[in-house]
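Engineer: Dropping in final_9.tsv, with TSV, C-alpha atoms.
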```tsv
chain	number	residue	atom	x	y	z
L	1	MET	CA	8.60	9.96	-14.48
L	2	LYS	CA	7.09	12.79	-12.47
L	3	VAL	CA	6.41	12.63	-8.72
L	4	LEU	CA	4.19	15.15	-6.95
L	5	GLY	CA	4.69	15.83	-3.24
L	6	ILE	CA	1.77	16.99	-1.11
L	7	SER	CA	2.42	18.07	2.45
L	8	GLY	CA	-0.47	17.91	4.88
L	9	SER	CA	1.02	20.75	6.89
L	10	LEU	CA	0.63	24.43	5.99
L	11	ARG	CA	3.20	25.60	8.51
L	12	ARG	CA	6.21	27.47	7.09
L	13	GLU	CA	8.73	25.35	9.00
L	14	SER	CA	6.74	22.16	8.54
L	15	HIS	CA	8.52	18.93	9.40
L	16	ASN	CA	6.37	17.10	6.87
L	17	THR	CA	7.33	19.45	4.06
L	18	GLU	CA	10.95	18.99	5.13
L	19	LEU	CA	10.47	15.23	5.05
L	20	LEU	CA	9.14	15.47	1.50
L	21	ARG	CA	12.16	17.53	0.47
L	22	ALA	CA	14.41	14.87	1.96
L	23	ALA	CA	12.54	12.21	-0.02
L	24	ALA	CA	12.90	14.25	-3.20
L	25	THR	CA	16.70	14.19	-2.91
L	26	LEU	CA	16.55	10.38	-2.97
L	27	LEU	CA	14.55	10.03	-6.19
L	28	PRO	CA	16.39	8.36	-9.09
L	29	ALA	CA	18.14	10.63	-11.57
L	30	GLY	CA	15.79	11.84	-14.25
L	31	THR	CA	12.74	11.83	-11.98
L	32	GLU	CA	10.93	15.16	-12.03
L	33	TRP	CA	9.79	16.43	-8.62
L	34	VAL	CA	7.00	18.92	-7.98
L	35	LEU	CA	5.97	20.08	-4.51
L	36	HIS	CA	2.37	21.24	-4.34
L	37	ASP	CA	1.91	24.57	-2.65
L	38	GLY	CA	-1.77	25.39	-2.85
L	39	LEU	CA	-3.72	23.63	-0.10
L	40	ARG	CA	-4.18	26.84	1.90
L	41	ALA	CA	-6.23	28.41	-0.90
L	42	ILE	CA	-8.77	25.58	-1.16
L	43	PRO	CA	-12.18	26.55	0.27
L	44	ALA	CA	-14.40	24.23	2.26
L	45	PHE	CA	-15.99	21.58	0.07
L	46	ASP	CA	-19.62	22.34	-0.68
L	47	ALA	CA	-21.57	19.97	-2.91
L	48	ASP	CA	-23.76	22.91	-3.99
L	49	GLU	CA	-20.66	24.63	-5.38
L	50	GLU	CA	-19.05	21.47	-6.72
L	51	HIS	CA	-19.59	22.38	-10.37
L	52	LEU	CA	-17.74	25.69	-9.95
L	53	ALA	CA	-14.39	24.06	-9.05
L	54	PRO	CA	-12.33	26.91	-7.52
L	55	PRO	CA	-8.96	27.64	-9.23
L	56	ALA	CA	-6.98	26.17	-6.32
L	57	VAL	CA	-8.90	22.90	-6.71
L	58	VAL	CA	-8.37	22.86	-10.47
L	59	GLY	CA	-4.67	23.49	-9.88
L	60	LEU	CA	-4.37	20.56	-7.48
L	61	ARG	CA	-6.38	18.25	-9.74
L	62	ASP	CA	-4.18	19.21	-12.72
L	63	GLU	CA	-0.95	18.66	-10.80
L	64	ILE	CA	-2.13	15.22	-9.70
L	65	ALA	CA	-3.24	14.34	-13.23
L	66	ALA	CA	0.16	15.39	-14.63
L	67	ALA	CA	2.10	13.29	-12.09
L	68	ASP	CA	2.89	9.60	-12.45
L	69	ALA	CA	2.85	9.17	-8.68
L	70	VAL	CA	2.03	11.20	-5.58
L	71	LEU	CA	3.87	11.17	-2.25
L	72	PHE	CA	1.91	12.51	0.73
L	73	SER	CA	3.45	13.48	4.03
L	74	THR	CA	0.95	14.13	6.79
L	75	PRO	CA	1.09	15.41	10.34
L	76	GLU	CA	-1.42	14.09	12.85
L	77	TYR	CA	-4.07	16.34	14.36
L	78	ASN	CA	-6.18	14.78	17.11
L	79	SER	CA	-5.31	11.24	16.03
L	80	SER	CA	-6.14	11.75	12.35
L	81	ILE	CA	-5.33	13.74	9.22
L	82	PRO	CA	-5.55	17.56	9.13
L	83	GLY	CA	-8.96	18.88	8.13
L	84	HIS	CA	-7.65	20.96	5.22
L	85	LEU	CA	-5.94	17.90	3.70
L	86	LYS	CA	-9.12	15.83	3.94
L	87	ASN	CA	-11.06	18.77	2.52
L	88	ALA	CA	-8.70	19.04	-0.46
L	89	LEU	CA	-9.05	15.32	-1.13
L	90	ASP	CA	-12.84	15.59	-0.93
L	91	TRP	CA	-12.68	18.17	-3.73
L	92	VAL	CA	-10.27	16.09	-5.79
L	93	SER	CA	-12.41	12.97	-5.39
L	94	ARG	CA	-15.33	14.43	-7.33
L	95	PRO	CA	-16.59	12.96	-9.58
L	96	ILE	CA	-15.58	9.59	-8.18
L	97	GLU	CA	-15.46	7.70	-11.50
L	98	THR	CA	-13.04	10.09	-13.23
L	99	ASN	CA	-11.15	11.89	-10.45
L	100	SER	CA	-7.45	12.52	-10.99
L	101	LEU	CA	-6.41	10.27	-8.09
L	102	ARG	CA	-8.19	7.29	-9.63
L	103	ASN	CA	-5.65	4.48	-10.22
L	104	LYS	CA	-2.86	6.95	-9.34
L	105	PRO	CA	0.02	5.34	-7.45
L	106	VAL	CA	0.32	7.06	-4.08
L	107	ALA	CA	2.35	6.54	-0.92
L	108	VAL	CA	1.99	8.07	2.52
L	109	ILE	CA	4.67	9.07	4.98
L	110	GLY	CA	4.40	11.28	8.04
L	111	ALA	CA	6.29	13.13	10.74
L	112	SER	CA	5.34	14.33	14.19
L	113	THR	CA	7.09	15.83	17.18
L	114	GLY	CA	5.66	13.05	19.33
L	115	MET	CA	6.79	9.47	19.61
L	116	PHE	CA	4.37	7.90	17.11
L	117	GLY	CA	5.29	9.70	13.88
L	118	ALA	CA	1.71	10.38	12.75
L	119	VAL	CA	1.09	6.69	12.32
L	120	TRP	CA	-2.70	6.94	12.81
L	121	ALA	CA	-2.96	9.85	10.41
L	122	GLN	CA	-1.05	7.81	7.84
L	123	ALA	CA	-3.44	4.89	8.26
L	124	ASP	CA	-6.45	7.18	7.91
L	125	LEU	CA	-4.96	8.87	4.86
L	126	ARG	CA	-4.29	5.53	3.17
L	127	LYS	CA	-7.91	4.54	3.81
L	128	VAL	CA	-9.23	7.80	2.37
L	129	LEU	CA	-6.98	7.57	-0.71
L	130	ALA	CA	-8.01	3.96	-1.36
L	131	SER	CA	-11.66	4.91	-1.05
L	132	ILE	CA	-11.12	7.64	-3.65
L	133	GLY	CA	-9.68	4.99	-5.99
L	134	ALA	CA	-5.94	5.59	-5.74
L	135	ARG	CA	-3.40	2.76	-6.00
L	136	VAL	CA	-2.08	3.00	-2.44
L	137	VAL	CA	1.31	1.58	-1.47
L	138	ASP	CA	0.69	-0.66	1.54
L	139	ALA	CA	3.47	0.73	3.71
L	140	GLU	CA	3.93	3.40	6.34
L	141	LEU	CA	6.87	5.53	7.35
L	142	PRO	CA	6.40	7.18	10.74
L	143	VAL	CA	9.03	9.72	11.68
L	144	PRO	CA	8.76	10.47	15.42
L	145	SER	CA	10.51	13.35	17.23
L	146	ALA	CA	10.86	15.07	13.87
L	147	HIS	CA	11.91	18.38	15.46
L	148	GLU	CA	15.02	16.71	16.87
L	149	LEU	CA	15.78	14.43	13.94
L	150	LEU	CA	15.28	16.30	10.69
L	151	GLY	CA	17.64	19.19	11.41
L	152	ASP	CA	20.49	16.90	12.41
L	153	PRO	CA	22.18	15.22	9.43
L	154	GLU	CA	24.15	12.87	11.65
L	155	ALA	CA	21.01	11.74	13.49
L	156	VAL	CA	19.21	11.27	10.17
L	157	LYS	CA	22.06	9.10	8.98
L	158	GLU	CA	22.00	6.96	12.11
L	159	SER	CA	18.21	6.63	12.13
L	160	GLY	CA	18.07	4.79	8.84
L	161	LEU	CA	15.49	7.30	7.56
L	162	HIS	CA	17.02	7.52	4.10
L	163	GLU	CA	16.95	3.76	3.71
L	164	GLN	CA	13.28	3.73	4.77
L	165	LEU	CA	12.48	6.53	2.32
L	166	ASP	CA	14.36	4.66	-0.41
L	167	GLY	CA	12.21	1.60	0.28
L	168	ILE	CA	8.87	3.36	0.10
L	169	LEU	CA	9.93	5.39	-2.97
L	170	ALA	CA	10.98	2.20	-4.73
L	171	GLU	CA	7.53	0.72	-4.07
L	172	LEU	CA	5.83	3.89	-5.26
L	173	LEU	CA	7.86	4.11	-8.47
L	174	ALA	CA	7.32	0.40	-9.17
L	175	GLU	CA	3.57	1.00	-9.02
L	176	ALA	CA	3.93	3.96	-11.36
L	177	ARG	CA	5.66	1.99	-14.11
L	178	PRO	CA	3.30	0.81	-16.85
L	179	VAL	CA	2.19	-2.78	-16.47
L	180	ALA	CA	0.45	-5.05	-18.92
L	181	ALA	CA	-3.19	-5.61	-18.09
L	182	ALA	CA	-3.86	-9.08	-16.72
L	183	ALA	CA	-7.02	-11.05	-16.17
T	1	MET	CA	-12.65	-35.29	-18.47
T	2	SER	CA	-16.23	-34.57	-19.11
T	3	ALA	CA	-19.09	-36.88	-18.46
T	4	VAL	CA	-21.34	-34.88	-20.72
T	5	THR	CA	-22.50	-37.16	-23.47
T	6	GLU	CA	-23.70	-36.45	-26.93
T	7	GLN	CA	-27.09	-37.73	-25.92
T	8	GLN	CA	-27.32	-35.26	-23.09
T	9	ILE	CA	-26.15	-32.11	-24.88
T	10	PRO	CA	-25.85	-32.13	-28.66
T	11	SER	CA	-22.33	-31.48	-29.88
T	12	GLY	CA	-21.39	-28.10	-31.29
T	13	THR	CA	-20.72	-24.60	-30.10
T	14	TRP	CA	-23.35	-23.04	-27.89
T	15	THR	CA	-23.17	-19.28	-27.66
T	16	LEU	CA	-24.70	-16.76	-25.29
T	17	ASP	CA	-27.86	-14.78	-25.67
T	18	PRO	CA	-26.77	-11.87	-23.45
T	19	ILE	CA	-30.20	-10.27	-23.29
T	20	HIS	CA	-31.70	-13.31	-21.63
T	21	SER	CA	-28.73	-14.07	-19.37
T	22	SER	CA	-27.36	-12.53	-16.21
T	23	ALA	CA	-24.24	-12.53	-14.03
T	24	SER	CA	-24.77	-11.18	-10.55
T	25	PHE	CA	-23.53	-11.45	-6.99
T	26	ALA	CA	-24.87	-11.15	-3.46
T	27	VAL	CA	-22.94	-10.42	-0.29
T	28	LYS	CA	-23.96	-10.02	3.34
T	29	HIS	CA	-23.83	-6.33	4.23
T	30	MET	CA	-23.74	-4.70	7.69
T	31	VAL	CA	-24.04	-8.19	9.21
T	32	VAL	CA	-27.78	-8.46	8.59
T	33	SER	CA	-28.80	-7.63	5.04
T	34	THR	CA	-27.96	-8.89	1.56
T	35	PHE	CA	-26.50	-6.53	-1.01
T	36	ARG	CA	-26.78	-7.42	-4.69
T	37	GLY	CA	-24.99	-6.24	-7.78
T	38	ARG	CA	-24.50	-7.42	-11.35
T	39	PHE	CA	-22.27	-7.18	-14.38
T	40	GLU	CA	-23.76	-5.67	-17.53
T	41	ASN	CA	-21.31	-7.15	-20.04
T	42	PHE	CA	-20.24	-10.77	-20.10
T	43	ASP	CA	-19.93	-13.67	-22.48
T	44	ALA	CA	-20.11	-17.45	-22.27
T	45	LYS	CA	-19.57	-20.34	-24.62
T	46	LEU	CA	-20.11	-24.07	-24.34
T	47	ASP	CA	-18.19	-26.31	-26.72
T	48	VAL	CA	-19.33	-29.91	-26.87
T	49	ALA	CA	-17.19	-32.27	-28.92
T	50	GLU	CA	-18.44	-35.32	-30.81
T	51	ASP	CA	-17.02	-37.54	-28.07
T	52	GLY	CA	-19.11	-35.72	-25.48
T	53	SER	CA	-16.27	-33.85	-23.85
T	54	ALA	CA	-17.17	-30.25	-23.14
T	55	THR	CA	-15.62	-26.91	-22.26
T	56	LEU	CA	-17.55	-24.08	-20.66
T	57	THR	CA	-15.90	-20.66	-20.70
T	58	GLY	CA	-17.17	-17.40	-19.35
T	59	THR	CA	-15.72	-13.90	-19.30
T	60	VAL	CA	-17.00	-10.85	-17.48
T	61	ASP	CA	-16.12	-7.21	-18.17
T	62	ALA	CA	-15.15	-6.03	-14.68
T	63	ASP	CA	-15.72	-2.39	-15.62
T	64	SER	CA	-19.38	-3.17	-16.36
T	65	ILE	CA	-20.26	-3.70	-12.70
T	66	VAL	CA	-23.64	-2.21	-11.84
T	67	VAL	CA	-24.77	-1.19	-8.37
T	68	LYS	CA	-27.31	1.43	-7.38
T	69	ASP	CA	-24.85	4.06	-6.14
T	70	PRO	CA	-22.23	5.55	-8.52
T	71	ASN	CA	-19.85	6.27	-5.62
T	72	LEU	CA	-19.98	2.63	-4.64
T	73	ALA	CA	-19.50	1.55	-8.26
T	74	GLY	CA	-16.44	3.78	-8.37
T	75	HIS	CA	-15.03	2.16	-5.26
T	76	LEU	CA	-15.76	-1.36	-6.55
T	77	LYS	CA	-13.83	-0.62	-9.77
T	78	ALA	CA	-10.86	0.81	-7.83
T	79	PRO	CA	-7.73	-1.05	-6.64
T	80	ASP	CA	-9.45	-1.61	-3.27
T	81	PHE	CA	-11.79	-4.09	-5.01
T	82	PHE	CA	-11.71	-5.31	-8.65
T	83	ASP	CA	-8.92	-2.97	-9.88
T	84	VAL	CA	-10.48	-2.91	-13.35
T	85	GLU	CA	-7.59	-0.89	-14.80
T	86	ARG	CA	-5.16	-3.77	-14.31
T	87	HIS	CA	-7.63	-6.65	-14.23
T	88	PRO	CA	-10.34	-5.82	-16.75
T	89	GLU	CA	-11.71	-9.34	-17.04
T	90	LEU	CA	-13.07	-12.03	-14.73
T	91	ARG	CA	-12.75	-15.47	-16.27
T	92	PHE	CA	-14.14	-18.95	-15.68
T	93	GLU	CA	-13.10	-22.05	-17.57
T	94	ALA	CA	-14.27	-25.61	-16.98
T	95	HIS	CA	-13.45	-28.85	-18.76
T	96	ASP	CA	-15.40	-31.03	-16.36
T	97	LEU	CA	-19.17	-30.85	-16.77
T	98	ARG	CA	-21.47	-33.58	-15.52
T	99	ARG	CA	-25.16	-33.62	-16.30
T	100	ASP	CA	-27.63	-35.71	-14.35
T	101	GLY	CA	-31.15	-35.05	-15.57
T	102	ASP	CA	-31.90	-31.39	-14.90
T	103	GLU	CA	-28.88	-30.97	-12.64
T	104	ILE	CA	-25.38	-30.03	-13.74
T	105	LEU	CA	-22.07	-30.07	-11.87
T	106	VAL	CA	-19.19	-28.03	-13.21
T	107	ASN	CA	-15.58	-28.09	-12.00
T	108	GLY	CA	-13.36	-25.34	-13.31
T	109	GLU	CA	-11.13	-22.43	-12.45
T	110	LEU	CA	-12.24	-18.92	-11.65
T	111	THR	CA	-9.87	-15.99	-12.11
T	112	ILE	CA	-10.57	-12.64	-10.47
T	113	LYS	CA	-8.00	-9.85	-10.08
T	114	GLY	CA	-5.18	-12.14	-11.15
T	115	HIS	CA	-6.03	-14.82	-8.57
T	116	THR	CA	-7.08	-18.22	-9.93
T	117	ASN	CA	-8.79	-20.81	-7.75
T	118	PRO	CA	-10.61	-24.06	-8.45
T	119	LEU	CA	-14.37	-23.71	-8.32
T	120	GLU	CA	-17.12	-26.29	-8.20
T	121	ALA	CA	-20.55	-25.04	-9.14
T	122	ARG	CA	-23.82	-26.93	-9.00
T	123	GLY	CA	-26.76	-25.79	-11.00
T	124	THR	CA	-29.64	-26.68	-13.22
T	125	ILE	CA	-29.81	-27.31	-16.92
T	126	ALA	CA	-32.86	-27.23	-19.19
T	127	GLY	CA	-33.08	-28.21	-22.82
T	128	PRO	CA	-32.16	-28.54	-25.55
T	129	HIS	CA	-35.33	-26.93	-26.74
T	130	GLN	CA	-36.41	-25.39	-30.03
T	131	ASN	CA	-37.22	-21.74	-29.38
T	132	ILE	CA	-39.61	-19.46	-31.25
T	133	ALA	CA	-36.90	-18.50	-33.75
T	134	ASP	CA	-36.31	-22.20	-34.41
T	135	LYS	CA	-32.94	-22.10	-32.65
T	136	THR	CA	-31.88	-24.90	-30.36
T	137	THR	CA	-31.41	-23.46	-26.88
T	138	LEU	CA	-30.10	-24.53	-23.51
T	139	GLY	CA	-30.67	-22.92	-20.14
T	140	LEU	CA	-28.02	-23.14	-17.43
T	141	ALA	CA	-28.24	-21.62	-13.96
T	142	PHE	CA	-25.54	-21.72	-11.30
T	143	GLU	CA	-25.32	-20.48	-7.74
T	144	THR	CA	-22.10	-20.89	-5.82
T	145	VAL	CA	-20.31	-19.26	-2.91
T	146	ILE	CA	-16.72	-18.03	-3.02
T	147	ASP	CA	-14.41	-16.49	-0.44
T	148	ARG	CA	-13.60	-13.09	-1.98
T	149	THR	CA	-10.37	-12.78	0.01
T	150	LYS	CA	-8.92	-15.68	-2.03
T	151	TYR	CA	-9.31	-13.47	-5.09
T	152	GLY	CA	-7.54	-10.42	-3.68
T	153	LEU	CA	-10.74	-8.59	-2.71
T	154	GLU	CA	-9.87	-7.99	0.90
T	155	TRP	CA	-11.40	-4.61	1.71
T	156	ASN	CA	-13.46	-4.45	4.87
T	157	ALA	CA	-14.37	-2.05	7.64
T	158	PRO	CA	-15.04	-2.88	11.29
T	159	LEU	CA	-18.44	-1.75	12.56
T	160	PRO	CA	-18.60	0.34	15.74
T	161	LYS	CA	-20.67	-2.28	17.59
T	162	GLY	CA	-18.85	-5.35	16.31
T	163	GLY	CA	-18.65	-7.29	13.09
T	164	PHE	CA	-17.54	-6.10	9.67
T	165	ALA	CA	-19.27	-4.15	6.92
T	166	LEU	CA	-18.92	-6.94	4.35
T	167	SER	CA	-18.95	-10.69	4.53
T	168	ASN	CA	-16.04	-12.52	2.97
T	169	GLU	CA	-18.48	-15.01	1.47
T	170	VAL	CA	-19.99	-13.88	-1.81
T	171	THR	CA	-22.70	-15.75	-3.70
T	172	LEU	CA	-22.29	-15.79	-7.46
T	173	LEU	CA	-25.44	-16.23	-9.51
T	174	VAL	CA	-25.17	-16.93	-13.22
T	175	GLU	CA	-28.06	-17.64	-15.57
T	176	LEU	CA	-27.19	-18.43	-19.16
T	177	GLU	CA	-29.34	-18.87	-22.23
T	178	LEU	CA	-27.21	-20.58	-24.85
T	179	SER	CA	-28.09	-21.36	-28.42
T	180	LYS	CA	-26.39	-23.56	-30.95
T	181	ALA	CA	-24.72	-21.98	-33.90
```
Show me, as structure tokens, the structure contained in the file I just sent.

Structural biologist:
Amino acid sequence: MKVLGISGSLRRESHNTELLRAAATLLPAGTEWVLHDGLRAIPAFDADEEHLAPPAVVGLRDEIAAADAVLFSTPEYNSSIPGHLKNALDWVSRPIETNSLRNKPVAVIGASTGMFGAVWAQADLRKVLASIGARVVDAELPVPSAHELLGDPEAVKESGLHEQLDGILAELLAEARPVAAAA
Amino acid sequence: MSAVTEQQIPSGTWTLDPIHSSASFAVKHMVVSTFRGRFENFDAKLDVAEDGSATLTGTVDADSIVVKDPNLAGHLKAPDFFDVERHPELRFEAHDLRRDGDEILVNGELTIKGHTNPLEARGTIAGPHQNIADKTTLGLAFETVIDRTKYGLEWNAPLPKGGFALSNEVTLLVELELSKA
């Protein structure tokens, strides 16, 4: 089982990247973890240039295709997802019938320094991923006041964050296990 | 059990002529208009026993959905709608068929996306009739309305000025040309 993490934040000290790293430590033994590190290099989507597929886009598509499941962690910019994350997903979504996110189990978590934990961005991201054709876990995990929480192991322990991450990871991995086709 | 009698429909196995049959749907879109789509690949069979009892079965290849926009087709095949990867087939099976002249009433079960619900469909029936190839043929046509949310198709989007993009009520339209083996 291989899980790919995609952080919606490009910032070096990103709370969302830190949240993904925390989630990675909770994955079951034997689960391979890959953290994507290429969103910054993806140019603006242009349908005229779609057929050229820049290397950064090919890299992201390939990493998604090679993963059994994808865990996104998104910040919230102006009540929604960051533009570069949406832009990357617009690239990945083409062509819609065969894109690498199609039927891919995905889950969304998010952190913010405010009191809402990027909850609207998470909802928007789930909607976008479902529209692309991903198998979206119907759960959210908002982490508010991330700047105070994530650097404090004792506070993390008291917050129940690890238990919440365990829950959403269990749902994600359950979706990623092969199932028999049913009518 | 069935009220179909030997006199009404000759016994035997009636199979589908897919070229002259169709399986389509219509749903209210943007509150005001009607959006239509169809399935390219489907099958149906009517078994009528000597005692007049009958079974009508139909299967539809979910991946064969046809709409005018490929992006929409992609969305309809995705987990948001039919989830064709995990639920490749829609299925209808009925053991209760009642014919009254050129009308037919069918009670069965419809399965979509792993959700099975009882379904009553009224329609018309024509034949049997000898066609140009000297085959005995029957024509059946059904139109019925289902609540898509009872079949796990719950996607919707609120419209800025009120209402939702899609109605929950979907009209199913099936026209079958069957011939006797």

Engineer: Only residues of chain L matter here; which ones have an atom within 12 Å of chain T, counting all atoms listed in the file? Give them as number ranges by chain.

Structural biologist: L: 93-99, 101-106, 126-138, 175, 178-183

Engineer: For each of T:Met30, T:Ile9, T:Arg99, T:Asn41, take the minimum atom-to-atom distance to Gly162 in chain T, counting all atoms listed in the file, then give the residue where this is smallest.

Structural biologist: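 The shortest atom-to-atom distance to Gly162 in chain T comes from T:Met30.
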
Engineer: What is the CA of Ala56 in chain L-CA of Ile81 in chain L distance in Å, reported with one decimal?

Structural biologist: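 These two atoms are separated by 20.0 Å.
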
Engineer: From the set T:Leu153, T:Leu166, T:Leu173, T:Leu178, which residue has the shortest atom-to-atom contact distance to Ser33 in chain T, counting only C-alpha atoms?

Structural biologist: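 Of T:Leu153, T:Leu166, T:Leu173, T:Leu178, the one nearest Ser33 in chain T is T:Leu166, counting only C-alpha atoms.
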
Engineer: Could you pull the residues within 8 Å of Ala139 in chain L, counting all atoms listed in the file, minus those fewer than 5 positions along the same chain, as a PyMOL selection string?

Structural biologist: chain L and resi 107-108+168

Engineer: If I take CA of Trp120 in chain L and CA of Asp166 in chain L, how far is one from the other in Å, to one decimal?

Structural biologist: 21.7 Å

Engineer: My structure is short of atoms at range 116-142 of chain L; please model N, CA and C atoms there, returning them as a tab-separated table (two decimals), keeping the file's coordinate frame.

Structural biologist:
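Output file selection18.tsv follows:
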```tsv
chain	number	residue	atom	x	y	z
L	116	PHE	N	5.04	8.87	17.98
L	116	PHE	CA	4.37	7.90	17.11
L	116	PHE	C	4.50	8.22	15.60
L	117	GLY	N	5.02	9.39	15.29
L	117	GLY	CA	5.29	9.70	13.88
L	117	GLY	C	4.06	9.74	12.99
L	118	ALA	N	2.95	10.21	13.54
L	118	ALA	CA	1.71	10.38	12.75
L	118	ALA	C	1.23	9.06	12.15
L	119	VAL	N	1.40	8.00	12.89
L	119	VAL	CA	1.09	6.69	12.32
L	119	VAL	C	-0.41	6.50	12.12
L	120	TRP	N	-1.24	7.08	13.00
L	120	TRP	CA	-2.70	6.94	12.81
L	120	TRP	C	-3.18	7.82	11.65
L	121	ALA	N	-2.60	8.98	11.55
L	121	ALA	CA	-2.96	9.85	10.41
L	121	ALA	C	-2.60	9.17	9.09
L	122	GLN	N	-1.44	8.51	9.07
L	122	GLN	CA	-1.05	7.81	7.84
L	122	GLN	C	-2.04	6.71	7.49
L	123	ALA	N	-2.47	5.96	8.51
L	123	ALA	CA	-3.44	4.89	8.26
L	123	ALA	C	-4.76	5.46	7.75
L	124	ASP	N	-5.20	6.56	8.36
L	124	ASP	CA	-6.45	7.18	7.91
L	124	ASP	C	-6.30	7.72	6.49
L	125	LEU	N	-5.16	8.31	6.20
L	125	LEU	CA	-4.96	8.87	4.86
L	125	LEU	C	-4.93	7.77	3.81
L	126	ARG	N	-4.29	6.65	4.13
L	126	ARG	CA	-4.29	5.53	3.17
L	126	ARG	C	-5.72	5.05	2.92
L	127	LYS	N	-6.52	4.99	3.98
L	127	LYS	CA	-7.91	4.54	3.81
L	127	LYS	C	-8.69	5.51	2.93
L	128	VAL	N	-8.51	6.79	3.16
L	128	VAL	CA	-9.23	7.80	2.37
L	128	VAL	C	-8.80	7.72	0.90
L	129	LEU	N	-7.50	7.62	0.66
L	129	LEU	CA	-6.98	7.57	-0.71
L	129	LEU	C	-7.48	6.32	-1.45
L	130	ALA	N	-7.52	5.19	-0.74
L	130	ALA	CA	-8.01	3.96	-1.36
L	130	ALA	C	-9.49	4.09	-1.69
L	131	SER	N	-10.23	4.73	-0.81
L	131	SER	CA	-11.66	4.91	-1.05
L	131	SER	C	-11.89	5.80	-2.28
L	132	ILE	N	-11.01	6.76	-2.48
L	132	ILE	CA	-11.12	7.64	-3.65
L	132	ILE	C	-10.77	6.89	-4.94
L	133	GLY	N	-10.02	5.79	-4.81
L	133	GLY	CA	-9.68	4.99	-5.99
L	133	GLY	C	-8.21	5.00	-6.35
L	134	ALA	N	-7.37	5.56	-5.46
L	134	ALA	CA	-5.94	5.59	-5.74
L	134	ALA	C	-5.33	4.20	-5.55
L	135	ARG	N	-4.16	4.01	-6.14
L	135	ARG	CA	-3.40	2.76	-6.00
L	135	ARG	C	-2.42	2.98	-4.85
L	136	VAL	N	-2.80	2.59	-3.65
L	136	VAL	CA	-2.08	3.00	-2.44
L	136	VAL	C	-1.00	1.98	-2.07
L	137	VAL	N	0.23	2.45	-1.94
L	137	VAL	CA	1.31	1.58	-1.47
L	137	VAL	C	1.01	1.17	-0.03
L	138	ASP	N	1.05	-0.13	0.22
L	138	ASP	CA	0.69	-0.66	1.54
L	138	ASP	C	1.90	-0.63	2.46
L	139	ALA	N	2.30	0.57	2.83
L	139	ALA	CA	3.47	0.73	3.71
L	139	ALA	C	3.33	2.06	4.43
L	140	GLU	N	3.95	2.13	5.61
L	140	GLU	CA	3.93	3.40	6.34
L	140	GLU	C	5.36	3.78	6.69
L	141	LEU	N	5.54	5.08	6.94
L	141	LEU	CA	6.87	5.53	7.35
L	141	LEU	C	6.70	6.60	8.42
L	142	PRO	N	6.57	6.20	9.67
L	142	PRO	CA	6.40	7.18	10.74
L	142	PRO	C	7.75	7.75	11.18
```
